[in-house]
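Pasting my_file.cif here (mmCIF, C-alpha atoms):
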data_structure
#
loop_
_atom_site.group_PDB
_atom_site.id
_atom_site.type_symbol
_atom_site.label_atom_id
_atom_site.label_comp_id
_atom_site.auth_asym_id
_atom_site.auth_seq_id
_atom_site.Cartn_x
_atom_site.Cartn_y
_atom_site.Cartn_z
ATOM 1 C CA MET A 212 -8.208 3.314 -66.285
ATOM 2 C CA SER A 213 -7.952 6.765 -67.826
ATOM 3 C CA SER A 214 -10.547 9.457 -67.337
ATOM 4 C CA PHE A 215 -11.679 8.765 -70.899
ATOM 5 C CA SER A 216 -12.889 5.270 -69.996
ATOM 6 C CA ARG A 217 -14.313 5.681 -66.560
ATOM 7 C CA CYS A 218 -16.798 3.152 -65.258
ATOM 8 C CA ALA A 219 -20.409 4.226 -64.756
ATOM 9 C CA ALA A 220 -19.826 4.602 -61.019
ATOM 10 C CA CYS A 221 -16.831 6.898 -61.279
ATOM 11 C CA LYS A 222 -18.507 8.867 -64.058
ATOM 12 C CA TYR A 223 -21.561 9.427 -61.881
ATOM 13 C CA LEU A 224 -19.450 10.282 -58.857
ATOM 14 C CA ARG A 225 -17.310 12.565 -61.003
ATOM 15 C CA ARG A 226 -14.058 11.070 -59.925
ATOM 16 C CA LYS A 227 -11.070 9.425 -61.494
ATOM 17 C CA CYS A 228 -11.529 5.752 -62.165
ATOM 18 C CA PRO A 229 -8.445 3.952 -60.824
ATOM 19 C CA GLN A 230 -7.109 0.837 -62.471
ATOM 20 C CA ASP A 231 -8.178 -1.296 -59.534
ATOM 21 C CA CYS A 232 -11.630 0.288 -59.219
ATOM 22 C CA ILE A 233 -13.720 -2.392 -57.524
ATOM 23 C CA LEU A 234 -16.931 -1.176 -59.133
ATOM 24 C CA ALA A 235 -15.635 -0.940 -62.716
ATOM 25 C CA PRO A 236 -16.094 -4.620 -63.731
ATOM 26 C CA TYR A 237 -19.754 -4.587 -62.642
ATOM 27 C CA PHE A 238 -20.877 -1.107 -63.598
ATOM 28 C CA PRO A 239 -19.628 -0.490 -67.121
ATOM 29 C CA SER A 240 -20.143 2.933 -68.674
ATOM 30 C CA SER A 241 -22.486 1.327 -71.217
ATOM 31 C CA ASN A 242 -25.199 0.996 -68.557
ATOM 32 C CA PRO A 243 -25.245 4.171 -66.449
ATOM 33 C CA GLN A 244 -28.810 3.702 -65.167
ATOM 34 C CA ARG A 245 -27.843 0.563 -63.299
ATOM 35 C CA PHE A 246 -25.412 2.421 -61.084
ATOM 36 C CA VAL A 247 -27.793 5.349 -60.661
ATOM 37 C CA CYS A 248 -30.353 2.981 -59.079
ATOM 38 C CA VAL A 249 -27.759 1.237 -56.947
ATOM 39 C CA HIS A 250 -26.369 4.538 -55.716
ATOM 40 C CA LYS A 251 -29.819 5.891 -54.942
ATOM 41 C CA ILE A 252 -30.793 2.894 -52.806
ATOM 42 C CA PHE A 253 -27.572 1.668 -51.260
ATOM 43 C CA GLY A 254 -25.000 4.391 -51.835
ATOM 44 C CA ALA A 255 -21.607 3.974 -53.488
ATOM 45 C CA SER A 256 -19.672 3.365 -50.283
ATOM 46 C CA ASN A 257 -22.102 0.695 -49.064
ATOM 47 C CA VAL A 258 -21.948 -1.118 -52.377
ATOM 48 C CA THR A 259 -18.149 -0.962 -52.322
ATOM 49 C CA LYS A 260 -18.144 -2.409 -48.800
ATOM 50 C CA MET A 261 -20.614 -5.144 -49.770
ATOM 51 C CA LEU A 262 -18.524 -6.179 -52.758
ATOM 52 C CA GLN A 263 -15.314 -6.126 -50.735
ATOM 53 C CA GLN A 264 -16.847 -8.556 -48.247
ATOM 54 C CA VAL A 265 -17.539 -11.098 -50.966
ATOM 55 C CA PRO A 266 -14.855 -13.353 -52.526
ATOM 56 C CA GLY A 267 -13.716 -12.167 -55.955
ATOM 57 C CA HIS A 268 -15.298 -14.997 -57.932
ATOM 58 C CA LEU A 269 -18.722 -14.192 -56.458
ATOM 59 C CA ARG A 270 -18.652 -10.444 -56.904
ATOM 60 C CA ALA A 271 -20.303 -10.477 -60.306
ATOM 61 C CA GLU A 272 -23.282 -12.403 -58.861
ATOM 62 C CA ALA A 273 -23.411 -10.126 -55.853
ATOM 63 C CA ALA A 274 -23.338 -7.002 -58.044
ATOM 64 C CA GLU A 275 -26.111 -8.479 -60.190
ATOM 65 C CA CYS A 276 -28.317 -9.161 -57.172
ATOM 66 C CA ILE A 277 -27.610 -5.783 -55.590
ATOM 67 C CA SER A 278 -28.558 -4.105 -58.882
ATOM 68 C CA TYR A 279 -31.729 -6.200 -59.091
ATOM 69 C CA GLU A 280 -32.756 -5.218 -55.564
ATOM 70 C CA ALA A 281 -32.008 -1.555 -56.221
ATOM 71 C CA ILE A 282 -34.019 -1.497 -59.443
ATOM 72 C CA ALA A 283 -36.903 -3.320 -57.733
ATOM 73 C CA ARG A 284 -36.957 -0.711 -54.978
ATOM 74 C CA VAL A 285 -36.789 2.190 -57.419
ATOM 75 C CA GLN A 286 -39.775 0.693 -59.253
ATOM 76 C CA ASP A 287 -41.653 -0.072 -56.034
ATOM 77 C CA PRO A 288 -40.414 2.300 -53.301
ATOM 78 C CA VAL A 289 -42.673 0.743 -50.642
ATOM 79 C CA TYR A 290 -42.113 -2.988 -51.061
ATOM 80 C CA GLY A 291 -39.140 -3.429 -53.408
ATOM 81 C CA CYS A 292 -38.133 -7.090 -53.739
ATOM 82 C CA VAL A 293 -40.499 -8.065 -50.952
ATOM 83 C CA GLY A 294 -43.369 -7.194 -53.299
ATOM 84 C CA ILE A 295 -42.037 -9.691 -55.818
ATOM 85 C CA ILE A 296 -41.667 -12.349 -53.108
ATOM 86 C CA THR A 297 -45.257 -11.782 -51.968
ATOM 87 C CA GLN A 298 -46.542 -12.049 -55.542
ATOM 88 C CA LEU A 299 -44.687 -15.312 -56.095
ATOM 89 C CA GLN A 300 -46.018 -16.764 -52.846
ATOM 90 C CA GLN A 301 -49.542 -15.865 -53.888
ATOM 91 C CA GLN A 302 -48.956 -17.420 -57.284
ATOM 92 C CA ILE A 303 -47.723 -20.629 -55.655
ATOM 93 C CA SER A 304 -50.786 -20.765 -53.455
ATOM 94 C CA GLN A 305 -53.064 -20.221 -56.443
ATOM 95 C CA ILE A 306 -51.430 -22.887 -58.587
ATOM 96 C CA HIS A 307 -51.529 -25.291 -55.666
ATOM 97 C CA SER A 308 -55.293 -24.741 -55.338
ATOM 98 C CA GLU A 309 -55.693 -25.370 -59.061
ATOM 99 C CA ILE A 310 -53.782 -28.626 -58.764
ATOM 100 C CA MET A 311 -55.980 -29.760 -55.874
ATOM 101 C CA LYS A 312 -59.094 -28.811 -57.824
ATOM 102 C CA THR A 313 -57.878 -30.729 -60.869
ATOM 103 C CA LYS A 314 -57.062 -33.771 -58.763
ATOM 104 C CA GLY A 315 -60.567 -33.527 -57.309
ATOM 105 C CA GLU A 316 -61.956 -33.565 -60.833
ATOM 106 C CA MET A 317 -59.900 -36.654 -61.576
ATOM 107 C CA ILE A 318 -61.282 -38.441 -58.541
ATOM 108 C CA ALA A 319 -64.843 -37.368 -59.296
ATOM 109 C CA HIS A 320 -64.515 -38.528 -62.866
ATOM 110 C CA HIS A 321 -63.004 -41.802 -61.763
ATOM 111 C CA CYS A 322 -65.791 -42.407 -59.241
ATOM 112 C CA ALA A 323 -68.491 -41.573 -61.788
ATOM 113 C CA HIS A 324 -66.839 -43.815 -64.345
ATOM 114 C CA SER A 325 -66.371 -46.784 -62.030
ATOM 115 C CA GLN A 326 -70.079 -46.620 -61.041
ATOM 116 C CA HIS A 327 -71.005 -47.275 -64.680
ATOM 117 C CA HIS A 328 -69.249 -50.612 -64.518
ATOM 118 C CA PRO A 329 -70.976 -52.557 -61.792
ATOM 119 C CA PRO A 330 -69.566 -56.050 -61.425
ATOM 120 C CA PRO A 331 -71.819 -58.403 -63.466
ATOM 121 C CA GLN A 332 -73.148 -61.723 -62.087
ATOM 122 C CA PRO A 333 -70.525 -64.459 -62.413
ATOM 123 C CA GLN A 334 -71.302 -66.456 -65.560
ATOM 124 C CA GLY A 335 -69.201 -68.869 -67.494
ATOM 125 C CA ASP A 336 -65.494 -68.284 -67.097
ATOM 126 C CA PRO A 337 -64.755 -67.747 -63.394
ATOM 127 C CA SER A 338 -61.244 -66.368 -64.085
ATOM 128 C CA TRP A 339 -62.785 -63.358 -65.882
ATOM 129 C CA SER A 340 -64.973 -62.407 -62.877
ATOM 130 C CA ILE A 341 -61.995 -62.694 -60.538
ATOM 131 C CA SER A 342 -59.893 -60.326 -62.655
ATOM 132 C CA LEU A 343 -62.754 -57.769 -62.838
ATOM 133 C CA HIS A 344 -63.315 -58.014 -59.107
ATOM 134 C CA GLN A 345 -59.589 -57.454 -58.587
ATOM 135 C CA GLN A 346 -59.855 -54.347 -60.772
ATOM 136 C CA GLN A 347 -62.676 -52.992 -58.607
ATOM 137 C CA GLN A 348 -60.561 -53.530 -55.493
ATOM 138 C CA ASP A 349 -57.628 -51.753 -57.092
ATOM 139 C CA TYR A 350 -59.843 -48.775 -57.950
ATOM 140 C CA SER A 351 -61.086 -48.456 -54.381
ATOM 141 C CA GLN A 352 -57.559 -48.762 -52.988
ATOM 142 C CA SER A 353 -56.277 -46.023 -55.281
ATOM 143 C CA ASP A 354 -59.243 -43.800 -54.265
ATOM 144 C CA GLU A 355 -58.370 -44.296 -50.625
ATOM 145 C CA HIS A 356 -54.761 -43.474 -51.333
ATOM 146 C CA LEU A 357 -55.698 -40.289 -53.169
ATOM 147 C CA LEU A 358 -58.193 -39.179 -50.535
ATOM 148 C CA ARG A 359 -55.596 -39.679 -47.818
ATOM 149 C CA LYS A 360 -53.346 -37.256 -49.727
ATOM 150 C CA TYR A 361 -55.967 -34.531 -49.249
ATOM 151 C CA MET B 230 -32.776 26.090 -16.811
ATOM 152 C CA LYS B 231 -31.275 23.956 -19.500
ATOM 153 C CA GLU B 232 -34.166 21.545 -19.649
ATOM 154 C CA SER B 233 -36.613 24.236 -20.717
ATOM 155 C CA GLY B 234 -34.714 24.542 -23.996
ATOM 156 C CA ARG B 235 -34.879 20.815 -24.681
ATOM 157 C CA LYS B 236 -37.475 19.341 -26.923
ATOM 158 C CA GLN B 237 -39.441 16.368 -25.612
ATOM 159 C CA GLY B 238 -38.045 13.928 -28.162
ATOM 160 C CA ALA B 239 -34.471 14.493 -27.081
ATOM 161 C CA LEU B 240 -35.209 12.893 -23.714
ATOM 162 C CA SER B 241 -35.861 9.522 -25.379
ATOM 163 C CA PRO B 242 -34.002 9.290 -28.655
ATOM 164 C CA CYS B 243 -35.173 6.717 -31.148
ATOM 165 C CA ALA B 244 -32.883 3.827 -32.077
ATOM 166 C CA ALA B 245 -31.682 5.705 -35.165
ATOM 167 C CA CYS B 246 -30.701 8.864 -33.353
ATOM 168 C CA LYS B 247 -29.090 6.807 -30.597
ATOM 169 C CA LEU B 248 -26.941 4.985 -33.099
ATOM 170 C CA LEU B 249 -26.168 8.155 -35.026
ATOM 171 C CA ARG B 250 -25.490 9.982 -31.760
ATOM 172 C CA ARG B 251 -27.614 12.934 -32.523
ATOM 173 C CA ARG B 252 -30.523 14.753 -31.007
ATOM 174 C CA CYS B 253 -33.832 13.117 -31.762
ATOM 175 C CA ALA B 254 -36.097 15.875 -33.070
ATOM 176 C CA HIS B 255 -39.818 15.798 -32.308
ATOM 177 C CA ASP B 256 -40.481 15.345 -36.015
ATOM 178 C CA CYS B 257 -37.712 12.766 -36.502
ATOM 179 C CA VAL B 258 -38.534 10.703 -39.592
ATOM 180 C CA PHE B 259 -37.084 7.563 -38.048
ATOM 181 C CA ALA B 260 -38.678 7.727 -34.615
ATOM 182 C CA PRO B 261 -42.098 6.148 -35.404
ATOM 183 C CA TYR B 262 -40.461 3.133 -37.081
ATOM 184 C CA PHE B 263 -37.260 2.566 -35.141
ATOM 185 C CA PRO B 264 -38.160 2.613 -31.437
ATOM 186 C CA ALA B 265 -35.374 2.709 -28.874
ATOM 187 C CA ASP B 266 -36.157 -0.807 -27.651
ATOM 188 C CA GLN B 267 -35.313 -2.313 -31.062
ATOM 189 C CA PRO B 268 -31.780 -1.111 -31.776
ATOM 190 C CA GLN B 269 -30.948 -4.033 -34.066
ATOM 191 C CA LYS B 270 -33.674 -3.063 -36.506
ATOM 192 C CA PHE B 271 -32.080 0.271 -37.364
ATOM 193 C CA ALA B 272 -28.564 -1.075 -37.086
ATOM 194 C CA ILE B 273 -29.135 -3.599 -39.856
ATOM 195 C CA VAL B 274 -30.967 -1.152 -42.131
ATOM 196 C CA HIS B 275 -28.211 1.412 -41.621
ATOM 197 C CA ARG B 276 -25.579 -1.196 -42.392
ATOM 198 C CA VAL B 277 -27.125 -2.129 -45.733
ATOM 199 C CA PHE B 278 -28.840 1.029 -46.962
ATOM 200 C CA GLY B 279 -27.262 3.815 -44.954
ATOM 201 C CA ALA B 280 -29.130 6.261 -42.723
ATOM 202 C CA SER B 281 -29.254 9.105 -45.231
ATOM 203 C CA ASN B 282 -30.623 6.829 -47.964
ATOM 204 C CA VAL B 283 -33.299 5.495 -45.612
ATOM 205 C CA ASN B 284 -34.144 9.065 -44.614
ATOM 206 C CA LYS B 285 -34.507 10.107 -48.256
ATOM 207 C CA MET B 286 -36.568 7.045 -49.141
ATOM 208 C CA LEU B 287 -38.967 7.602 -46.250
ATOM 209 C CA GLN B 288 -39.351 11.289 -46.970
ATOM 210 C CA GLU B 289 -40.295 10.525 -50.560
ATOM 211 C CA LEU B 290 -43.174 8.348 -49.383
ATOM 212 C CA PRO B 291 -46.532 9.409 -47.995
ATOM 213 C CA GLU B 292 -46.781 8.710 -44.260
ATOM 214 C CA PRO B 293 -49.299 5.844 -44.470
ATOM 215 C CA GLN B 294 -46.834 3.856 -46.599
ATOM 216 C CA ARG B 295 -43.737 4.397 -44.515
ATOM 217 C CA SER B 296 -44.345 1.582 -42.052
ATOM 218 C CA ASP B 297 -44.574 -1.006 -44.830
ATOM 219 C CA ALA B 298 -41.522 0.462 -46.512
ATOM 220 C CA VAL B 299 -39.514 0.138 -43.288
ATOM 221 C CA SER B 300 -40.676 -3.464 -42.805
ATOM 222 C CA SER B 301 -39.628 -4.410 -46.313
ATOM 223 C CA MET B 302 -36.282 -2.654 -45.914
ATOM 224 C CA VAL B 303 -35.645 -4.526 -42.678
ATOM 225 C CA TYR B 304 -36.486 -7.798 -44.434
ATOM 226 C CA GLU B 305 -34.164 -7.045 -47.341
ATOM 227 C CA ALA B 306 -31.378 -5.885 -45.066
ATOM 228 C CA ASN B 307 -31.642 -9.073 -42.982
ATOM 229 C CA ALA B 308 -31.585 -11.184 -46.123
ATOM 230 C CA ARG B 309 -28.509 -9.409 -47.400
ATOM 231 C CA VAL B 310 -26.630 -9.760 -44.136
ATOM 232 C CA ARG B 311 -27.487 -13.504 -44.020
ATOM 233 C CA ASP B 312 -26.523 -13.985 -47.662
ATOM 234 C CA PRO B 313 -24.067 -11.294 -48.818
ATOM 235 C CA VAL B 314 -24.048 -12.604 -52.392
ATOM 236 C CA TYR B 315 -27.700 -13.222 -53.242
ATOM 237 C CA GLY B 316 -29.642 -11.405 -50.521
ATOM 238 C CA CYS B 317 -33.379 -11.765 -51.020
ATOM 239 C CA VAL B 318 -32.864 -12.487 -54.723
ATOM 240 C CA GLY B 319 -32.034 -16.018 -53.540
ATOM 241 C CA ALA B 320 -35.544 -16.349 -52.140
ATOM 242 C CA ILE B 321 -37.048 -14.956 -55.355
ATOM 243 C CA SER B 322 -35.087 -17.461 -57.431
ATOM 244 C CA SER B 323 -36.186 -20.349 -55.230
ATOM 245 C CA LEU B 324 -39.851 -19.284 -55.353
ATOM 246 C CA GLN B 325 -39.703 -18.893 -59.124
ATOM 247 C CA GLN B 326 -38.424 -22.462 -59.403
ATOM 248 C CA GLN B 327 -41.319 -23.659 -57.238
ATOM 249 C CA VAL B 328 -43.749 -21.834 -59.512
ATOM 250 C CA ASP B 329 -42.244 -23.550 -62.559
ATOM 251 C CA VAL B 330 -42.480 -26.999 -60.973
ATOM 252 C CA LEU B 331 -46.068 -26.469 -59.871
ATOM 253 C CA GLN B 332 -47.092 -25.121 -63.256
ATOM 254 C CA ASN B 333 -45.708 -28.289 -64.827
ATOM 255 C CA GLN B 334 -47.630 -30.411 -62.341
ATOM 256 C CA LEU B 335 -50.800 -28.487 -63.074
ATOM 257 C CA ALA B 336 -50.362 -28.881 -66.821
ATOM 258 C CA LEU B 337 -49.852 -32.629 -66.403
ATOM 259 C CA ALA B 338 -52.881 -32.951 -64.159
ATOM 260 C CA GLN B 339 -55.060 -31.001 -66.559
ATOM 261 C CA ALA B 340 -53.837 -33.091 -69.486
ATOM 262 C CA GLU B 341 -54.650 -36.209 -67.496
ATOM 263 C CA VAL B 342 -58.205 -35.003 -66.923
ATOM 264 C CA VAL B 343 -58.643 -34.293 -70.626
ATOM 265 C CA HIS B 344 -57.290 -37.744 -71.437
ATOM 266 C CA MET B 345 -59.675 -39.375 -68.985
ATOM 267 C CA ARG B 346 -62.635 -37.516 -70.466
ATOM 268 C CA LEU B 347 -61.613 -38.494 -73.971
ATOM 269 C CA GLN B 348 -61.282 -42.102 -72.915
ATOM 270 C CA THR B 349 -64.767 -42.045 -71.405
ATOM 271 C CA HIS B 350 -66.123 -40.430 -74.529
ATOM 272 C CA GLN B 351 -64.461 -42.984 -76.762
ATOM 273 C CA PHE B 352 -65.471 -46.002 -74.687
ATOM 274 C CA PRO B 353 -68.881 -45.222 -73.181
ATOM 275 C CA SER B 354 -70.575 -48.011 -71.194
ATOM 276 C CA THR B 355 -73.507 -49.510 -73.212
ATOM 277 C CA SER B 356 -74.306 -53.111 -72.143
ATOM 278 C CA SER B 357 -72.919 -55.731 -69.834
ATOM 279 C CA SER B 358 -71.872 -57.838 -72.850
ATOM 280 C CA ALA B 359 -69.700 -54.947 -74.026
ATOM 281 C CA ILE B 360 -68.140 -54.837 -70.570
ATOM 282 C CA ASP B 361 -67.599 -58.621 -70.659
ATOM 283 C CA ALA B 362 -65.836 -58.401 -73.995
ATOM 284 C CA ALA B 363 -63.693 -55.485 -72.894
ATOM 285 C CA GLY B 364 -62.866 -57.014 -69.505
ATOM 286 C CA ASN B 365 -61.241 -60.129 -70.926
ATOM 287 C CA ASP B 366 -58.981 -58.305 -73.333
ATOM 288 C CA ASN B 367 -58.173 -55.170 -71.390
ATOM 289 C CA SER B 368 -58.249 -56.089 -67.743
ATOM 290 C CA ARG B 369 -54.497 -56.382 -67.440
ATOM 291 C CA GLY B 370 -53.815 -53.289 -69.529
ATOM 292 C CA CYS B 371 -56.469 -51.189 -67.781
ATOM 293 C CA ASP B 372 -55.148 -52.326 -64.457
ATOM 294 C CA SER B 373 -51.639 -50.996 -64.973
ATOM 295 C CA HIS B 374 -52.956 -47.957 -66.812
ATOM 296 C CA SER B 375 -55.326 -46.981 -63.990
ATOM 297 C CA ARG B 376 -52.638 -47.529 -61.369
ATOM 298 C CA ARG B 377 -50.355 -45.089 -63.215
ATOM 299 C CA SER B 378 -53.095 -42.517 -63.828
ATOM 300 C CA TYR B 379 -54.070 -42.210 -60.179
ATOM 301 C CA PHE B 380 -50.592 -42.183 -58.750
ATOM 302 C CA PRO B 381 -50.058 -38.806 -57.097
ATOM 303 C CA LEU B 382 -48.500 -36.566 -59.686
ATOM 304 C CA ASN B 383 -45.743 -35.286 -57.479
ATOM 305 C CA GLU B 384 -44.469 -38.855 -57.045
ATOM 306 C CA VAL B 385 -44.772 -40.087 -60.611
ATOM 307 C CA ASP B 386 -41.918 -39.612 -62.991
ATOM 308 C CA GLN B 387 -42.281 -38.187 -66.447
ATOM 309 C CA THR B 388 -42.089 -41.500 -68.320
ATOM 310 C CA ASP B 389 -44.988 -42.957 -66.352
ATOM 311 C CA VAL B 390 -47.186 -40.001 -67.124
ATOM 312 C CA GLU B 391 -46.245 -39.984 -70.781
ATOM 313 C CA ASP B 392 -47.052 -43.660 -70.990
ATOM 314 C CA SER B 393 -50.506 -43.076 -69.527
ATOM 315 C CA LEU B 394 -51.253 -40.224 -71.903
ATOM 316 C CA TRP B 395 -49.905 -41.612 -75.118
ATOM 317 C CA SER B 396 -49.876 -45.368 -74.710
#

Please rewrite the model in this file as structure tokens.
Amino acid sequence: MSSFSRCAACKYLRRKCPQDCILAPYFPSSNPQRFVCVHKIFGASNVTKMLQQVPGHLRAEAAECISYEAIARVQDPVYGCVGIITQLQQQISQIHSEIMKTKGEMIAHHCAHSQHHPPPQPQGDPSWSISLHQQQQDYSQSDEHLLRKY
Amino acid sequence: MKESGRKQGALSPCAACKLLRRRCAHDCVFAPYFPADQPQKFAIVHRVFGASNVNKMLQELPEPQRSDAVSSMVYEANARVRDPVYGCVGAISSLQQQVDVLQNQLALAQAEVVHMRLQTHQFPSTSSSAIDAAGNDNSRGCDSHSRRSYFPLNEVDQTDVEDSLWS
């Protein structure tokens, strides 16, 4: 690669960009800020070492993740990516509570609704009363199943 | 005597200064966070970030925040050594997927509640004769419907839920 088309890394480091520059495919000159962050957090030599340790077909992914981590740490110098992880864990916990609350509402509604349908006295067709009684049993079994989940 | 010229810190270098083979100054930035009895902690941070970068990052932070910053750097460094491709971005990706799944579950559960309330509103209980009439026709349908509705959401598949909502 000539000095006229140096990658962002070699441009920043003010050096010639060789043809086999390991950083060139992942830090194009069109996005200089990306390498600035990566260099600030990890350093050019560390990034080069990290990419060299990874098989060629995975280097693009690795460079992407390294850039993501570097940008996260520039934006949040105390927690970096760990801040994002903590936020996601809190979000999971919150959504989980909402799900439990909603399931509780379902059970409460079901219980209130089933109380409005007390089994009537058997009259006339016995097969009808058996099927309604079976329905009541099914309701109570499903309640038990749901309560056991909590 | 030589010892009179030595500063106190040099007698017990921190893990960073030990690894870097340098004198540990009394105001060493690393010393509070990388004690000598935890050499691995600095070793891994140095491997991923580099000592000078860590030094710069810590110096740019107010003192009360440095301990948390070191802990998060150690976490990230460990993650990157364990997974040289994805590092801790792998964990972020996995957590994001969990959030998506749970949000779907929540939406389904909330829709189910709305459906139940609408059903109750549309078919309020009035008299036992109304129940009698409904029981004969709908007992079988209600049976399968109620079984699907109260099946734990994380075990039901999409088609079952859709059936219960829009049957």

May I ask for the distance between CA of Val314 (chain B) and CA of Cys276 (chain A), given in Å to one decimal place?
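These two atoms are separated by 7.3 Å.
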
Expressed in Å, the length from CA of Ser281 (chain B) to CA of Ser241 (chain B) is 20.9 Å

Using the chain letters and residue numbers of this document, give as a VMD selection string the residues selected by the PyMOL selection byres ((chain B and resi 319) around 12).
(chain A and resid 272 to 273 275 to 277 279 to 280 292 to 293 296) or (chain B and resid 305 308 to 309 311 to 318 320 to 326)

Keeping only C-alpha atoms, write the selected residues to a file as a tab-separated table (two decimals), keeping the file's coordinate frame.
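Saved file out_4.tsv follows:
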chain	number	residue	atom	x	y	z
A	272	GLU	CA	-23.28	-12.40	-58.86
A	273	ALA	CA	-23.41	-10.13	-55.85
A	275	GLU	CA	-26.11	-8.48	-60.19
A	276	CYS	CA	-28.32	-9.16	-57.17
A	277	ILE	CA	-27.61	-5.78	-55.59
A	279	TYR	CA	-31.73	-6.20	-59.09
A	280	GLU	CA	-32.76	-5.22	-55.56
A	292	CYS	CA	-38.13	-7.09	-53.74
A	293	VAL	CA	-40.50	-8.06	-50.95
A	296	ILE	CA	-41.67	-12.35	-53.11
B	305	GLU	CA	-34.16	-7.04	-47.34
B	308	ALA	CA	-31.58	-11.18	-46.12
B	309	ARG	CA	-28.51	-9.41	-47.40
B	311	ARG	CA	-27.49	-13.50	-44.02
B	312	ASP	CA	-26.52	-13.98	-47.66
B	313	PRO	CA	-24.07	-11.29	-48.82
B	314	VAL	CA	-24.05	-12.60	-52.39
B	315	TYR	CA	-27.70	-13.22	-53.24
B	316	GLY	CA	-29.64	-11.40	-50.52
B	317	CYS	CA	-33.38	-11.76	-51.02
B	318	VAL	CA	-32.86	-12.49	-54.72
B	320	ALA	CA	-35.54	-16.35	-52.14
B	321	ILE	CA	-37.05	-14.96	-55.36
B	322	SER	CA	-35.09	-17.46	-57.43
B	323	SER	CA	-36.19	-20.35	-55.23
B	324	LEU	CA	-39.85	-19.28	-55.35
B	325	GLN	CA	-39.70	-18.89	-59.12
B	326	GLN	CA	-38.42	-22.46	-59.40

Report as a list in words all protein, DNA and RNA residues lying within 12 Å of Tyr237 (chain A), evaluated on only C-alpha atoms, omitting residues in the same chain fewer than 6 positions from it.
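Non-adjacent residues within range: Cys218, Ala219, Ala220, Cys221, Pro243, Arg245, Phe246, Val249, Val258, Thr259, Leu262, Gly267, Leu269, Arg270, Ala271, Glu272, Ala273, Ala274, Glu275, Cys276, Ile277 and Ser278 of chain A.
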
Given the PyMOL selection byres ((chain A and resi 287-291) around 8) and the file above, list the residues it selects as number ranges by chain.
A: 280-281, 283-286, 292-295; B: 286, 290, 294-295, 297-298, 301-302

For a test of reading the model, state the distance in Å between CA of Gly279 (chain B) and CA of Ser241 (chain A), rounded to one decimal.
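CA of Ser241 (chain A) lies at a distance of 26.8 Å from CA of Gly279 (chain B).
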
Between A:Tyr223, A:Ile233, A:Val265, A:Gln305, single out the one closest to Cys248 (chain A), counting only C-alpha atoms.
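Ranked by minimum distance to Cys248 (chain A), first place goes to A:Tyr223.
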
Find the residue from A:Lys227, A:Met317, A:Gln263, A:His307 that sits nearest to Asn333 (chain B); use only C-alpha atoms when measuring.
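Closest to Asn333 (chain B), using only C-alpha atoms: A:His307.
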
Could you list, as a PyMOL selection string, every residue within 9 Å of Phe278 (chain B), counting only C-alpha atoms and ignoring same-chain residues fewer than 3 positions away?
(chain A and resi 252-254+257) or (chain B and resi 273-275+281-283+302+306)

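With all atoms listed in the file as the basis for measurement, B:Gln334 is the residue among B:Ser296, B:Gln334, B:Val310, B:Ala244 that approaches Ile303 (chain A) most closely.
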
Given only C-alpha atoms as the counted atoms, nearest of A:Ile282, A:Ala255, A:Leu299, A:Val247 to chain B
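Answer, going by the shortest atom-to-atom distance: A:Leu299.
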
Quick one: axis-aligned box around all listed atoms of region 251-261 of chain B, 3 Å on every side, centre and edge lengths in Å to one decimal, written as lines of an AutoDock Vina configuration file.
center_x = -34.9
center_y = 11.0
center_z = -35.3
size_x = 20.5
size_y = 15.7
size_z = 14.6

Compare A:Lys260, A:Lys312, A:Arg226, A:Arg217 by their minimum atom-to-atom distance to Val342 (chain B), counting only C-alpha atoms, and give me the closest one.
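Closest to Val342 (chain B) of all the choices is A:Lys312.
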
I need the output of the PyMOL selection byres ((chain B and resi 263) around 10) for this file as a ChimeraX atom specification; which residues are they?
/B:242-246,258-262,264-272,296,299
